[in-house]
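Undergrad: Have a look at the structure that comes next, please.
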Amino acid sequence: MNLEKILDKKTFISVYITDDKEMKKLNKEYLDRDYTTDVLSFEIKEKQDDGTLYLGDIVVNKDQAKRQAKDYDNDLEEEISELVGHGVLHLLGIHHEGDGMPVESKKEIKEVGKKLVRKKGKKK
């Protein structure tokens with residue numbers, strides 16, 4: 001399913017905010033990676049009975065967001081928001097390092113995520 005078809009429908013996602021312990025468990029269970037991470041996305045792309053599209057789930061690790069926020073000149077709220085944006089991009093099929101894309105793509109995805117969730121009137 002391409003982006004145009006996704007955007008042509010009423011689409012929804014779920015966002016779950018958790019901690020290091022649970023994120024490590026999810027990362028191990030679903031990706032066989034025995035460490036924590038900042039965000040996971042689980043693509044569902046399932047048409048619901050009411051005609052909406054359930055695009056998928058985004059899981060954000062609040063502990064990792066706290067640790068890395070300063071690296072991106074963010075407060076915690078901004079970092080979590082950007083991670084949600086990052087997760088949405090993954091649900092839309094935009095991936096990065098380790099998924100066959102160049103290493104610099106992670107920074108580019110972070111920037112696009114930032115633009116998706118930038119607070120109105122706030123300049124960085």
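In the structure tokens, chains take letters A, B, ... by order of appearance, with residues numbered from 1 within each chain and ligands from 1 in the order shown.
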Any chance you could tabulate, as a tab-separated table, the residues of range 75-100 of chain A at most 9 Å from range 6-24 of chain A with each one's nearest atom pair and distance in Å to one decimal, using only C-alpha atoms, in chain and rising number order?
TA:
residue	atom	partner	partner_atom	distance
A:Ile80	CA	A:Ile17	CA	8.7
A:Val84	CA	A:Val15	CA	7.5
A:Val88	CA	A:Ile13	CA	8.4
A:Leu92	CA	A:Ile6	CA	8.3
Undergrad: Check the smallest atom-to-atom distance from each of A:Leu31, A:Leu91, A:Leu26, A:Leu83 to Gln68 in chain A using only C-alpha atoms, then report the winner.
TA: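 Among the listed residues, A:Leu83 lies closest to Gln68 in chain A.
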Undergrad: So what do you get for CA of Glu46 in chain A versus CA of Tyr30 in chain A, distance-wise?
TA: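 According to the coordinates, CA of Glu46 in chain A and CA of Tyr30 in chain A are separated by 19.0 Å.
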Undergrad: Using DSSP on the backbone, list every residue of range 4-37 of chain A that comes out as strand (DSSP E), and give them as a PDB file with N, CA and C atoms, in the first residue's frame.
TA:
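This is the output file part37.pdb:
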ATOM      1  N   THR A  11      -7.173   7.472   8.802  1.00  0.00           N
ATOM      2  CA  THR A  11      -6.143   6.588   9.303  1.00  0.00           C
ATOM      3  C   THR A  11      -5.878   6.872  10.771  1.00  0.00           C
ATOM      4  N   PHE A  12      -5.649   5.810  11.557  1.00  0.00           N
ATOM      5  CA  PHE A  12      -5.282   6.028  12.946  1.00  0.00           C
ATOM      6  C   PHE A  12      -4.142   5.110  13.350  1.00  0.00           C
ATOM      7  N   ILE A  13      -3.457   5.529  14.418  1.00  0.00           N
ATOM      8  CA  ILE A  13      -2.347   4.775  14.990  1.00  0.00           C
ATOM      9  C   ILE A  13      -2.552   4.739  16.497  1.00  0.00           C
ATOM     10  N   SER A  14      -1.837   3.842  17.158  1.00  0.00           N
ATOM     11  CA  SER A  14      -1.802   3.894  18.621  1.00  0.00           C
ATOM     12  C   SER A  14      -0.388   4.263  19.037  1.00  0.00           C
ATOM     13  N   VAL A  15      -0.302   5.000  20.134  1.00  0.00           N
ATOM     14  CA  VAL A  15       0.992   5.395  20.694  1.00  0.00           C
ATOM     15  C   VAL A  15       1.014   4.936  22.139  1.00  0.00           C
ATOM     16  N   TYR A  16       2.068   4.214  22.488  1.00  0.00           N
ATOM     17  CA  TYR A  16       2.237   3.684  23.835  1.00  0.00           C
ATOM     18  C   TYR A  16       3.570   4.172  24.367  1.00  0.00           C
ATOM     19  N   ILE A  17       3.582   4.755  25.546  1.00  0.00           N
ATOM     20  CA  ILE A  17       4.820   5.240  26.154  1.00  0.00           C
ATOM     21  C   ILE A  17       5.174   4.310  27.307  1.00  0.00           C
ATOM     22  N   THR A  18       6.422   3.837  27.287  1.00  0.00           N
ATOM     23  CA  THR A  18       6.857   2.840  28.264  1.00  0.00           C
ATOM     24  C   THR A  18       8.249   3.187  28.792  1.00  0.00           C
TER      25      THR A  18
END
Undergrad: Which value, in Å to one decimal, gives the distance between CA of Asn74 in chain A and CA of Thr36 in chain A?
TA: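 Computing the Euclidean distance for CA of Asn74 in chain A and CA of Thr36 in chain A yields 20.3 Å.
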Undergrad: Please measure the separation of CA of Lys28 in chain A and CA of Lys47 in chain A, giving the value in Å to one decimal.
TA: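 Between these atoms lies a distance of 28.1 Å.
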Undergrad: Give me the residues near Phe42 in chain A as a list in words, where near means some atom within 9 Å (using only C-alpha atoms) and where sequence neighbours in that chain fewer than 5 positions away do not count.
TA: Leu55, Gly56, Asp57, Ile58, Val59, Gly87, His90 and Leu91 of chain A
